[in-house]
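**Student:** Contents of model_28.cif (mmCIF, C-alpha atoms):
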data_input
#
loop_
_atom_site.label_atom_id
_atom_site.label_comp_id
_atom_site.auth_asym_id
_atom_site.auth_seq_id
_atom_site.Cartn_x
_atom_site.Cartn_y
_atom_site.Cartn_z
CA MET A 1 91.83 127.61 67.68
CA THR A 2 90.88 130.25 70.25
CA ALA A 3 90.47 129.30 73.91
CA PRO A 4 88.43 126.08 74.17
CA VAL A 5 84.77 126.59 75.00
CA ASN A 6 84.01 122.98 75.85
CA LEU A 7 85.69 119.61 76.23
CA SER A 8 85.41 118.77 72.54
CA ASP A 9 87.42 121.89 71.76
CA LEU A 10 89.99 120.80 74.34
CA GLU A 11 90.31 117.35 72.77
CA ALA A 12 90.96 118.95 69.38
CA LEU A 13 93.79 121.00 70.89
CA ALA A 14 95.22 117.95 72.62
CA ARG A 15 95.16 115.99 69.38
CA GLU A 16 97.23 118.69 67.71
CA ARG A 17 99.84 118.56 70.47
CA LEU A 18 100.16 114.88 71.24
CA PRO A 19 102.17 112.38 69.16
CA GLN A 20 99.84 110.16 67.14
CA MET A 21 100.77 107.08 69.18
CA VAL A 22 99.89 108.81 72.46
CA TYR A 23 96.65 110.36 71.21
CA ASP A 24 95.53 107.01 69.81
CA TYR A 25 96.39 105.26 73.07
CA TYR A 26 94.22 107.68 75.05
CA ALA A 27 91.37 108.02 72.56
CA GLY A 28 91.20 104.51 71.17
CA GLY A 29 89.17 101.47 72.12
CA ALA A 30 88.84 97.83 71.26
CA ASN A 31 88.31 96.46 67.76
CA ASP A 32 85.91 98.70 65.78
CA GLU A 33 85.40 101.02 68.77
CA VAL A 34 81.65 100.45 68.72
CA SER A 35 81.45 100.70 72.51
CA VAL A 36 83.55 103.87 72.58
CA ALA A 37 81.06 105.63 70.33
CA GLU A 38 78.00 104.13 72.00
CA ASN A 39 79.10 105.25 75.46
CA ARG A 40 78.78 108.87 74.41
CA ARG A 41 75.63 108.40 72.33
CA ALA A 42 73.88 106.72 75.23
CA TRP A 43 74.31 109.71 77.54
CA GLU A 44 73.23 112.04 74.75
CA ALA A 45 70.02 110.00 74.37
CA VAL A 46 68.96 110.46 78.02
CA ARG A 47 66.18 113.00 78.49
CA LEU A 48 65.46 115.01 81.62
CA ARG A 49 62.23 116.36 83.19
CA PRO A 50 63.15 119.71 84.75
CA ARG A 51 61.01 121.31 87.42
CA VAL A 52 60.44 125.07 87.54
CA LEU A 53 59.90 127.77 90.19
CA ALA A 54 62.14 125.83 92.55
CA ASN A 55 64.20 128.73 94.01
CA VAL A 56 67.61 127.77 92.69
CA ALA A 57 69.34 131.01 93.67
CA SER A 58 71.79 128.82 95.57
CA VAL A 59 72.84 125.39 94.29
CA ASP A 60 75.11 123.04 96.24
CA PRO A 61 76.69 120.23 94.17
CA SER A 62 78.66 118.70 97.07
CA THR A 63 78.13 115.13 98.17
CA THR A 64 79.95 112.29 99.89
CA VAL A 65 81.86 109.35 98.42
CA LEU A 66 82.53 106.52 100.88
CA GLY A 67 81.88 109.05 103.60
CA ARG A 68 84.38 111.57 102.22
CA ARG A 69 82.91 114.96 101.32
CA VAL A 70 83.63 116.07 97.76
CA GLU A 71 82.82 119.45 96.25
CA PHE A 72 80.95 117.90 93.33
CA PRO A 73 80.24 114.31 92.25
CA VAL A 74 83.16 113.74 89.87
CA LEU A 75 86.31 111.67 90.44
CA THR A 76 89.31 111.48 88.14
CA ALA A 77 89.44 107.95 86.74
CA PRO A 78 92.56 105.75 86.90
CA CYS A 79 94.09 106.34 83.48
CA GLY A 80 97.49 104.82 82.75
CA PHE A 81 100.60 106.69 81.66
CA ASN A 82 99.62 110.28 82.47
CA GLY A 83 103.27 111.17 81.91
CA LEU A 84 102.82 110.71 78.16
CA ALA A 85 100.53 113.77 78.17
CA HIS A 86 102.70 116.02 80.34
CA PRO A 87 105.97 115.61 82.28
CA GLU A 88 104.19 116.25 85.58
CA GLY A 89 101.68 113.50 84.79
CA GLU A 90 99.84 112.15 87.82
CA ARG A 91 101.36 114.81 90.08
CA ALA A 92 99.64 117.54 88.09
CA VAL A 93 96.35 115.65 88.27
CA ALA A 94 96.79 115.22 92.04
CA ARG A 95 97.22 118.95 92.59
CA ALA A 96 94.29 119.84 90.33
CA ALA A 97 91.98 117.30 91.99
CA ALA A 98 92.95 118.51 95.46
CA SER A 99 92.33 122.11 94.43
CA ALA A 100 88.90 121.20 93.07
CA GLY A 101 87.98 119.18 96.15
CA VAL A 102 87.49 115.86 94.35
CA ILE A 103 89.04 112.41 94.66
CA GLN A 104 91.83 111.25 92.36
CA VAL A 105 91.96 107.54 91.52
CA VAL A 106 95.59 106.69 90.75
CA SER A 107 96.40 103.90 88.31
CA THR A 108 98.73 100.98 88.94
CA ALA A 109 100.07 101.91 85.49
CA ALA A 110 101.10 105.39 86.62
CA THR A 111 104.28 107.04 85.41
CA THR A 112 104.83 108.42 88.91
CA THR A 113 105.19 106.35 92.06
CA LEU A 114 102.11 106.23 94.22
CA GLU A 115 104.13 107.80 97.04
CA ASP A 116 105.20 110.73 94.87
CA VAL A 117 101.61 111.30 93.74
CA ALA A 118 100.50 111.51 97.35
CA ALA A 119 103.36 113.85 98.23
CA ALA A 120 102.44 116.18 95.34
CA ALA A 121 99.11 117.05 96.98
CA PRO A 122 99.29 116.11 100.66
CA GLY A 123 95.94 117.78 101.36
CA GLY A 124 94.16 115.83 98.66
CA HIS A 125 92.24 112.58 98.80
CA ARG A 126 92.87 109.60 96.57
CA TRP A 127 92.15 105.96 95.90
CA PHE A 128 94.61 103.47 94.45
CA GLN A 129 93.50 101.46 91.43
CA LEU A 130 94.90 97.96 91.55
CA TYR A 131 95.55 95.29 88.95
CA CYS A 132 96.24 91.87 90.41
CA TYR A 133 99.49 90.25 89.33
CA ARG A 134 100.21 86.57 88.92
CA ASP A 135 102.75 87.04 91.70
CA ARG A 136 100.55 87.76 94.70
CA GLU A 137 103.45 89.31 96.57
CA VAL A 138 103.64 92.07 93.96
CA THR A 139 99.96 92.76 94.58
CA ARG A 140 100.40 92.62 98.36
CA SER A 141 103.29 95.08 98.17
CA LEU A 142 101.21 97.57 96.18
CA VAL A 143 98.37 97.33 98.70
CA GLN A 144 100.76 97.91 101.60
CA ARG A 145 102.37 100.87 99.88
CA ALA A 146 98.97 102.44 99.14
CA GLU A 147 97.93 102.10 102.78
CA ALA A 148 101.21 103.58 104.02
CA ALA A 149 100.91 106.54 101.62
CA GLY A 150 97.46 107.48 102.88
CA TYR A 151 95.23 106.25 100.07
CA GLU A 152 91.64 105.91 101.23
CA ALA A 153 90.32 103.01 99.16
CA LEU A 154 91.40 100.30 96.76
CA CYS A 155 89.77 100.35 93.34
CA ILE A 156 90.12 96.85 91.87
CA THR A 157 89.79 96.67 88.10
CA VAL A 158 88.01 93.39 87.37
CA ASP A 159 87.37 93.51 83.61
CA VAL A 160 90.91 92.89 82.31
CA PRO A 161 91.75 89.18 82.50
CA TYR A 162 93.43 89.91 79.18
CA LEU A 163 93.85 93.21 77.39
CA GLY A 164 91.22 94.00 74.77
CA ARG A 165 92.43 94.05 71.17
CA ARG A 166 93.18 97.73 70.65
CA GLU A 167 94.01 98.02 67.01
CA ARG A 168 95.29 101.58 67.13
CA GLU A 169 97.95 100.42 69.59
CA ILE A 170 98.88 97.51 67.34
CA ARG A 171 99.23 99.75 64.28
CA ASN A 172 101.34 102.27 66.20
CA GLY A 173 103.46 99.68 67.99
CA PHE A 174 102.50 101.32 71.28
CA HIS A 175 105.37 101.49 73.77
CA LEU A 176 106.80 103.78 76.39
CA PRO A 177 109.56 106.15 75.26
CA PRO A 178 112.87 106.36 77.13
CA GLY A 179 112.49 107.87 80.57
CA VAL A 180 108.83 106.89 80.92
CA THR A 181 107.90 103.67 82.66
CA LEU A 182 105.54 102.04 85.15
CA ARG A 183 107.15 103.67 88.18
CA ASN A 184 105.30 101.55 90.70
CA LEU A 185 106.58 98.39 89.05
CA GLU A 186 109.98 99.17 87.60
CA PRO A 187 111.55 95.81 88.50
CA TYR A 188 108.79 94.08 86.52
CA ALA A 189 108.02 96.57 83.78
CA ALA A 190 110.85 98.51 82.20
CA ALA A 191 112.05 95.99 79.65
CA GLU A 192 108.56 94.84 78.72
CA MET A 193 107.15 98.30 78.05
CA ALA A 194 110.14 99.64 76.10
CA ALA A 195 109.49 97.37 73.12
CA SER A 196 108.93 99.25 69.86
CA GLU A 197 108.07 96.53 67.37
CA ARG A 198 104.84 96.62 65.40
CA ASP A 199 102.62 95.38 68.20
CA SER A 200 101.36 96.68 71.54
CA ALA A 201 103.97 96.41 74.27
CA LEU A 202 101.15 97.01 76.75
CA ALA A 203 99.25 93.95 75.54
CA LYS A 204 102.36 91.80 75.90
CA TYR A 205 102.98 93.15 79.39
CA VAL A 206 99.42 92.66 80.60
CA ASN A 207 99.04 89.19 79.18
CA ALA A 208 102.36 88.10 80.68
CA LEU A 209 102.03 89.51 84.19
CA TRP A 210 98.40 90.17 85.15
CA ASP A 211 96.44 87.25 86.56
CA PRO A 212 93.64 85.95 84.28
CA SER A 213 92.67 83.24 86.78
CA LEU A 214 91.11 85.66 89.26
CA ASP A 215 87.75 84.72 90.70
CA TRP A 216 85.71 85.96 93.64
CA SER A 217 88.10 84.36 96.10
CA ALA A 218 90.65 86.98 95.02
CA ILE A 219 88.36 89.71 96.34
CA ASP A 220 88.11 87.86 99.64
CA TRP A 221 91.90 87.63 99.76
CA LEU A 222 92.36 91.31 98.98
CA ARG A 223 89.90 92.30 101.69
CA SER A 224 91.78 90.08 104.14
CA ILE A 225 95.08 91.91 103.60
CA THR A 226 93.84 95.50 103.83
CA ARG A 227 91.87 97.74 106.13
CA LEU A 228 90.86 99.92 103.16
CA PRO A 229 87.40 99.73 101.57
CA VAL A 230 87.37 97.87 98.26
CA VAL A 231 85.58 99.17 95.16
CA LEU A 232 85.25 96.97 92.07
CA LYS A 233 85.63 98.70 88.71
CA GLY A 234 84.21 97.12 85.56
CA VAL A 235 80.86 95.69 86.69
CA LEU A 236 78.12 95.60 84.05
CA ALA A 237 75.83 92.72 85.10
CA GLU A 238 73.43 92.59 88.03
CA GLU A 239 74.72 89.12 88.93
CA ASP A 240 78.22 90.48 89.45
CA ALA A 241 76.93 93.49 91.36
CA LYS A 242 75.13 91.15 93.78
CA LEU A 243 78.27 89.05 94.18
CA ALA A 244 80.30 92.20 94.84
CA ALA A 245 77.95 93.05 97.71
CA GLU A 246 78.09 89.48 99.02
CA HIS A 247 81.89 89.57 99.02
CA GLY A 248 82.03 92.78 101.00
CA ALA A 249 82.78 95.41 98.37
CA ALA A 250 82.06 98.95 99.51
CA GLY A 251 81.14 100.01 96.00
CA VAL A 252 81.13 99.16 92.31
CA ILE A 253 81.95 101.25 89.28
CA VAL A 254 79.65 100.49 86.38
CA SER A 255 82.08 100.62 83.48
CA ASN A 256 83.01 98.96 80.21
CA HIS A 257 86.55 100.35 80.54
CA GLY A 258 85.80 103.23 78.20
CA GLY A 259 85.12 100.77 75.38
CA ARG A 260 88.69 99.47 75.60
CA GLN A 261 88.00 95.84 76.55
CA LEU A 262 85.07 93.90 75.05
CA ASP A 263 83.80 95.80 72.03
CA GLY A 264 80.03 95.55 71.94
CA ALA A 265 79.73 95.37 75.73
CA VAL A 266 76.64 97.08 77.07
CA GLY A 267 76.98 100.80 77.68
CA PRO A 268 77.25 101.99 81.29
CA VAL A 269 74.02 104.02 80.98
CA TYR A 270 72.02 100.85 80.44
CA ALA A 271 73.98 98.74 82.91
CA LEU A 272 73.60 101.40 85.61
CA ARG A 273 69.84 100.91 85.75
CA GLU A 274 70.28 97.15 86.10
CA VAL A 275 72.93 97.42 88.80
CA MET A 276 70.97 100.00 90.80
CA GLN A 277 67.90 97.78 90.82
CA ALA A 278 70.02 94.87 92.05
CA VAL A 279 72.20 96.45 94.75
CA GLY A 280 71.58 100.16 94.99
CA ASP A 281 70.79 99.97 98.70
CA ARG A 282 73.67 97.62 99.60
CA LEU A 283 76.74 99.52 98.40
CA GLU A 284 77.70 102.72 96.62
CA VAL A 285 77.44 102.70 92.84
CA TYR A 286 79.49 104.89 90.49
CA VAL A 287 79.64 105.05 86.72
CA ASP A 288 82.10 106.06 84.01
CA GLY A 289 82.38 106.03 80.23
CA GLY A 290 81.44 108.72 77.72
CA ILE A 291 80.54 111.43 80.24
CA ARG A 292 81.38 114.77 78.67
CA ARG A 293 78.83 117.25 80.05
CA GLY A 294 77.61 118.37 83.43
CA TRP A 295 74.08 117.30 82.58
CA HIS A 296 75.40 113.78 81.96
CA VAL A 297 76.66 113.82 85.56
CA VAL A 298 73.25 114.99 86.81
CA ALA A 299 71.54 112.27 84.73
CA ALA A 300 73.80 109.66 86.32
CA LEU A 301 72.87 110.91 89.79
CA ALA A 302 69.20 110.77 88.87
CA MET A 303 69.67 107.13 87.88
CA GLY A 304 71.11 106.41 91.30
CA ALA A 305 74.88 106.79 90.91
CA ARG A 306 76.71 108.32 93.87
CA ALA A 307 79.25 109.99 91.55
CA VAL A 308 80.88 109.60 88.14
CA LEU A 309 84.47 109.14 87.00
CA ILE A 310 86.00 111.00 84.06
CA GLY A 311 89.09 109.84 82.19
CA ARG A 312 89.83 111.10 78.71
CA PRO A 313 88.64 114.69 79.40
CA TYR A 314 91.27 115.33 82.07
CA LEU A 315 93.94 113.76 79.86
CA TRP A 316 93.12 116.33 77.17
CA GLY A 317 93.44 119.11 79.74
CA LEU A 318 96.72 117.67 80.97
CA ALA A 319 98.10 117.51 77.43
CA VAL A 320 97.12 121.10 76.62
CA ASP A 321 98.13 122.90 79.80
CA GLY A 322 99.33 120.55 82.52
CA GLU A 323 97.88 121.11 85.97
CA ALA A 324 96.04 124.26 84.83
CA GLY A 325 94.46 122.27 82.02
CA VAL A 326 93.15 119.62 84.42
CA GLN A 327 91.88 122.38 86.69
CA ARG A 328 90.02 123.84 83.73
CA VAL A 329 88.37 120.50 82.96
CA LEU A 330 87.25 120.04 86.57
CA GLU A 331 86.03 123.62 86.78
CA THR A 332 84.08 123.11 83.56
CA PHE A 333 82.40 120.02 84.96
CA ARG A 334 81.57 121.74 88.24
CA ASN A 335 80.09 124.79 86.53
CA GLU A 336 78.06 122.64 84.15
CA VAL A 337 76.79 120.44 86.99
CA VAL A 338 75.66 123.49 88.96
CA LEU A 339 73.93 124.98 85.92
CA ALA A 340 72.24 121.69 85.01
CA MET A 341 71.00 121.25 88.58
CA ALA A 342 69.64 124.80 88.60
CA LEU A 343 67.90 124.43 85.25
CA ALA A 344 66.47 121.10 86.39
CA GLY A 345 65.11 122.70 89.55
CA ARG A 346 67.35 120.82 91.97
CA ARG A 347 69.20 122.75 94.67
CA ARG A 348 71.09 119.86 96.27
CA VAL A 349 72.41 116.52 95.12
CA ALA A 350 69.87 114.87 97.42
CA ASP A 351 67.13 116.48 95.31
CA VAL A 352 68.35 114.77 92.14
CA ASP A 353 66.24 111.63 91.97
CA GLY A 354 64.60 109.31 89.49
CA THR A 355 61.76 111.73 88.78
CA LEU A 356 64.24 113.79 86.77
CA ILE A 357 64.53 111.08 84.10
CA ALA A 358 61.95 111.15 81.32
CA GLY A 359 60.39 107.85 80.24
#
Rewrite the coordinates I just gave you, this time as structure tokens.

**Tutor:**
Amino acid sequence: MTAPVNLSDLEALARERLPQMVYDYYAGGANDEVSVAENRRAWEAVRLRPRVLANVASVDPSTTVLGRRVEFPVLTAPCGFNGLAHPEGERAVARAAASAGVIQVVSTAATTTLEDVAAAAPGGHRWFQLYCYRDREVTRSLVQRAEAAGYEALCITVDVPYLGRREREIRNGFHLPPGVTLRNLEPYAAAEMAASERDSALAKYVNALWDPSLDWSAIDWLRSITRLPVVLKGVLAEEDAKLAAEHGAAGVIVSNHGGRQLDGAVGPVYALREVMQAVGDRLEVYVDGGIRRGWHVVAALAMGARAVLIGRPYLWGLAVDGEAGVQRVLETFRNEVVLAMALAGRRRVADVDGTLIAG
């Protein structure tokens, strides 16, 4: 293939380069992967109402996220095990995100310590995504480390009481190869994730160590032990969005975990409307899942989202060309967002409102 023209081209190149087990881990979802496919179809079904003669000689896609200025409304989502795509893993993503002027959300399940990620791009801005462990002291330690390393928010994933049944991982016996591990959690993780039997080592790890008994009191506890704003990732129902606001969350990410948890869960496009109607004026709302084009980002803004998160696309860039590949993905999104805003007759993010959505 010649140089990739779009993100689908990039995924095809990544698939050629990645081991089957790794590609399937990144690309796959739960059960029949109905939600994975629907996430993309739902964005493709949105229709826009562009305005004309709007003087779009200059378009500014910058905005703010929790008060932090970003160059365009895209964050890199907290994807686990970036080191399976490229040896530089999360460090490469950190440098690319800093260069692009966007926020990196770093996963608990990173293959680089959260401190080393921060050191890789000291001028960048990042959140730490947190899974809550049965041992609360493990969770407390991660929060303290994130604060000390200069992370600006905690992103609490709330839709994984147990890991979804990811059948590609089961077939491949997903595990971490020698030299790759959960660097933030090595005392708790190395032996668990090295398993290579015909099953998912990740599922065994999650179901053994992550806390399925979490309820809203856990959010209160987390807020009590940190000065950082708390964002909840994995909200799909208006009832939960309202509870998030009541329990002091600074934001919610409307997400079905990229179709990797409950197959058949409502797509983020549809849930976004519901959540915005419920709490759009009480906290910041973000969305992820299936976003592959700049006009999808603009559509999300028109529906009320403050910004979007992308996951798989930057993994494909990382796999193909490391830091430069991630930079290319972010540059592609920025260029497409600017073009979509111009063609829609919107010069600034503040101009992108509900009147842009048809129907």

**Student:** Do you know which residues are at most 12 Å from Ile170 in chain A counting all atoms listed in the file, after dropping those on the same chain fewer than 2 positions away, and could you put them as a PyMOL selection string?

**Tutor:** chain A and resi 21+24-25+28-31+164-168+172-175+196-204

**Student:** Save out the residues we just selected, C-alpha atoms, as an mmCIF file, in the coordinates of the input.

**Tutor:**
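Below you can see result.cif, which holds the result:
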data_model
loop_
_atom_site.group_PDB
_atom_site.id
_atom_site.type_symbol
_atom_site.label_atom_id
_atom_site.label_comp_id
_atom_site.auth_asym_id
_atom_site.auth_seq_id
_atom_site.Cartn_x
_atom_site.Cartn_y
_atom_site.Cartn_z
ATOM 1 C CA MET A 21 100.770 107.080 69.180
ATOM 2 C CA ASP A 24 95.530 107.010 69.810
ATOM 3 C CA TYR A 25 96.390 105.260 73.070
ATOM 4 C CA GLY A 28 91.200 104.510 71.170
ATOM 5 C CA GLY A 29 89.170 101.470 72.120
ATOM 6 C CA ALA A 30 88.840 97.830 71.260
ATOM 7 C CA ASN A 31 88.310 96.460 67.760
ATOM 8 C CA GLY A 164 91.220 94.000 74.770
ATOM 9 C CA ARG A 165 92.430 94.050 71.170
ATOM 10 C CA ARG A 166 93.180 97.730 70.650
ATOM 11 C CA GLU A 167 94.010 98.020 67.010
ATOM 12 C CA ARG A 168 95.290 101.580 67.130
ATOM 13 C CA ASN A 172 101.340 102.270 66.200
ATOM 14 C CA GLY A 173 103.460 99.680 67.990
ATOM 15 C CA PHE A 174 102.500 101.320 71.280
ATOM 16 C CA HIS A 175 105.370 101.490 73.770
ATOM 17 C CA SER A 196 108.930 99.250 69.860
ATOM 18 C CA GLU A 197 108.070 96.530 67.370
ATOM 19 C CA ARG A 198 104.840 96.620 65.400
ATOM 20 C CA ASP A 199 102.620 95.380 68.200
ATOM 21 C CA SER A 200 101.360 96.680 71.540
ATOM 22 C CA ALA A 201 103.970 96.410 74.270
ATOM 23 C CA LEU A 202 101.150 97.010 76.750
ATOM 24 C CA ALA A 203 99.250 93.950 75.540
ATOM 25 C CA LYS A 204 102.360 91.800 75.900
#

**Student:** Which centre and which edge lengths, in Å to one decimal, describe the axis-aligned box that holds all listed atoms of range 65-78 of chain A after 5 Å is added on each side, as JSON?

**Tutor:**
{"center_x": 86.4, "center_y": 112.6, "center_z": 95.2, "size_x": 22.3, "size_y": 23.7, "size_z": 26.9}

**Student:** Residues picked by the PyMOL selection byres ((chain A and resi 34) around 10) here, as a list of chain:residue names?

**Tutor:**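 What the PyMOL selection byres ((chain A and resi 34) around 10) grabs from the file is A:Gly29, A:Ala30, A:Asn31, A:Asp32, A:Glu33, A:Ser35, A:Val36, A:Ala37, A:Glu38, A:Asn39, A:Gly259, A:Arg260, A:Leu262, A:Asp263, A:Gly264, A:Ala265.
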
**Student:** Using all atoms listed in the file, which of A:Gln277, A:Thr111, A:Thr139, A:Gln129 sits nearest Val180 in chain A?

**Tutor:**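 Among the listed residues, the smallest separation from Val180 in chain A belongs to A:Thr111.
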
**Student:** Report as a list in words the full result of the PyMOL selection byres ((chain A and resi 335) around 12) when it is applied to this structure.

**Tutor:**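 Residues picked by the PyMOL selection byres ((chain A and resi 335) around 12): Asn6, Val59, Asp60, Pro61, Glu71, Phe72, Pro73, Val74, Ala100, Arg293, Gly294, Trp295, Val297, Val298, Arg328, Val329, Leu330, Glu331, Thr332, Phe333, Arg334, Glu336, Val337, Val338, Leu339, Ala340, Met341 and Ala342 of chain A.
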
**Student:** What separation in Å, quoted to one decimal, exists between CA of Val320 in chain A and CA of Val105 in chain A?

**Tutor:**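 Between these atoms lies a distance of 20.8 Å.
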
**Student:** Pick out the closest residue to Val308 in chain A from this set: A:Thr226, A:Thr108, A:Ser255, A:Ser217. Count all atoms listed in the file.

**Tutor:**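 Closest to Val308 in chain A of all the choices is A:Ser255.
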
**Student:** Have a look at A:Val65, A:Asp220, A:Leu7, A:Ala92 and name the one nearest to Tyr286 in chain A; count only C-alpha atoms.

**Tutor:** A:Val65

**Student:** Just to confirm, what's the straight-line distance from CA of Trp210 in chain A to CA of Ala77 in chain A in Å (one decimal)?

**Tutor:** 20.0 Å

**Student:** Just checking: using all atoms listed in the file, which residue out of A:Leu356, A:Ala249, A:Val287, A:Val326 ends up closest to Arg306 in chain A?

**Tutor:**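 Between A:Leu356, A:Ala249, A:Val287, A:Val326, the residue approaching Arg306 in chain A most closely is A:Val287.
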
**Student:** Any idea what's packed within 7 Å of Cys155 in chain A, counting all atoms listed in the file, ignoring anything in its chain fewer than 5 positions away? Could you give it as a count of residues only?

**Tutor:** 8

**Student:** Excluding Ile357 in chain A and its own-chain neighbours fewer than 6 positions away, which residues fall within 9 Å of it when counting only C-alpha atoms? Please give them as a ChimeraX atom specification.

**Tutor:** /A:46-50,299,302-303

**Student:** Using only C-alpha atoms, please write the residues we just selected to a file, as a CSV table (one decimal), keeping the file's coordinate frame.

**Tutor:**
chain,number,residue,atom,x,y,z
A,46,VAL,CA,69.0,110.5,78.0
A,47,ARG,CA,66.2,113.0,78.5
A,48,LEU,CA,65.5,115.0,81.6
A,49,ARG,CA,62.2,116.4,83.2
A,50,PRO,CA,63.2,119.7,84.8
A,299,ALA,CA,71.5,112.3,84.7
A,302,ALA,CA,69.2,110.8,88.9
A,303,MET,CA,69.7,107.1,87.9

**Student:** With distances taken over all atoms listed in the file, which residue among A:Ala42, A:Trp316, A:Arg348, A:Tyr23 lies nearest Ser62 in chain A?

**Tutor:**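 The shortest atom-to-atom distance to Ser62 in chain A comes from A:Arg348.
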
**Student:** On this file, the PyMOL selection byres ((chain A and resi 208) around 12) gives some set of residues; write that set as a list in words.

**Tutor:** Tyr133, Arg134, Asp135, Pro161, Tyr162, Leu163, Tyr188, Ala189, Glu192, Met193, Ala201, Leu202, Ala203, Lys204, Tyr205, Val206, Asn207, Leu209, Trp210, Asp211 and Pro212 of chain A

**Student:** May I ask which of the residues A:His257, A:Gly89, A:Glu115, A:Trp216 is the closest one to Thr157 in chain A, counting all atoms listed in the file?

**Tutor:** A:His257

**Student:** Calculate how many Å separate CA of Gly311 in chain A from CA of Leu10 in chain A, rounding to one decimal.

**Tutor:** 13.5 Å

**Student:** Around (104.3, 110.7, 78.4) in the file's own coordinates, what residues are found within 12 Å if you use all atoms listed in the file, given back as a PyMOL selection string?

**Tutor:** chain A and resi 18-19+21-23+25-26+80-90+110-112+174-182+315+318-319+322

**Student:** Output as a PDB file, in the coordinates of the input: range 297-311 of chain A, completed with N, CA and C atoms.

**Tutor:**
ATOM      1  N   VAL A 297      76.413 114.135  84.155  1.00  0.00           N
ATOM      2  CA  VAL A 297      76.660 113.820  85.560  1.00  0.00           C
ATOM      3  C   VAL A 297      75.340 113.842  86.335  1.00  0.00           C
ATOM      4  N   VAL A 298      74.531 114.870  86.116  1.00  0.00           N
ATOM      5  CA  VAL A 298      73.250 114.990  86.810  1.00  0.00           C
ATOM      6  C   VAL A 298      72.331 113.827  86.422  1.00  0.00           C
ATOM      7  N   ALA A 299      72.343 113.426  85.162  1.00  0.00           N
ATOM      8  CA  ALA A 299      71.540 112.270  84.730  1.00  0.00           C
ATOM      9  C   ALA A 299      71.975 111.014  85.462  1.00  0.00           C
ATOM     10  N   ALA A 300      73.295 110.833  85.610  1.00  0.00           N
ATOM     11  CA  ALA A 300      73.800 109.660  86.320  1.00  0.00           C
ATOM     12  C   ALA A 300      73.331 109.654  87.768  1.00  0.00           C
ATOM     13  N   LEU A 301      73.365 110.820  88.421  1.00  0.00           N
ATOM     14  CA  LEU A 301      72.870 110.910  89.790  1.00  0.00           C
ATOM     15  C   LEU A 301      71.393 110.569  89.862  1.00  0.00           C
ATOM     16  N   ALA A 302      70.638 111.045  88.889  1.00  0.00           N
ATOM     17  CA  ALA A 302      69.200 110.770  88.870  1.00  0.00           C
ATOM     18  C   ALA A 302      68.917 109.278  88.716  1.00  0.00           C
ATOM     19  N   MET A 303      69.827 108.584  88.037  1.00  0.00           N
ATOM     20  CA  MET A 303      69.670 107.130  87.880  1.00  0.00           C
ATOM     21  C   MET A 303      70.153 106.358  89.097  1.00  0.00           C
ATOM     22  N   GLY A 304      70.720 107.057  90.059  1.00  0.00           N
ATOM     23  CA  GLY A 304      71.110 106.410  91.300  1.00  0.00           C
ATOM     24  C   GLY A 304      72.586 106.381  91.598  1.00  0.00           C
ATOM     25  N   ALA A 305      73.434 106.801  90.662  1.00  0.00           N
ATOM     26  CA  ALA A 305      74.880 106.790  90.910  1.00  0.00           C
ATOM     27  C   ALA A 305      75.233 107.779  92.012  1.00  0.00           C
ATOM     28  N   ARG A 306      76.212 107.419  92.832  1.00  0.00           N
ATOM     29  CA  ARG A 306      76.710 108.320  93.870  1.00  0.00           C
ATOM     30  C   ARG A 306      77.575 109.412  93.249  1.00  0.00           C
ATOM     31  N   ALA A 307      78.352 109.046  92.222  1.00  0.00           N
ATOM     32  CA  ALA A 307      79.250 109.990  91.550  1.00  0.00           C
ATOM     33  C   ALA A 307      79.665 109.347  90.233  1.00  0.00           C
ATOM     34  N   VAL A 308      80.370 110.110  89.407  1.00  0.00           N
ATOM     35  CA  VAL A 308      80.880 109.600  88.140  1.00  0.00           C
ATOM     36  C   VAL A 308      82.400 109.739  88.134  1.00  0.00           C
ATOM     37  N   LEU A 309      83.028 108.998  87.233  1.00  0.00           N
ATOM     38  CA  LEU A 309      84.470 109.140  87.000  1.00  0.00           C
ATOM     39  C   LEU A 309      84.677 109.619  85.573  1.00  0.00           C
ATOM     40  N   ILE A 310      85.640 110.524  85.395  1.00  0.00           N
ATOM     41  CA  ILE A 310      86.000 111.000  84.060  1.00  0.00           C
ATOM     42  C   ILE A 310      87.457 110.628  83.785  1.00  0.00           C
ATOM     43  N   GLY A 311      87.739 110.240  82.555  1.00  0.00           N
ATOM     44  CA  GLY A 311      89.090 109.840  82.190  1.00  0.00           C
ATOM     45  C   GLY A 311      89.676 110.669  81.074  1.00  0.00           C
TER      46      GLY A 311
END
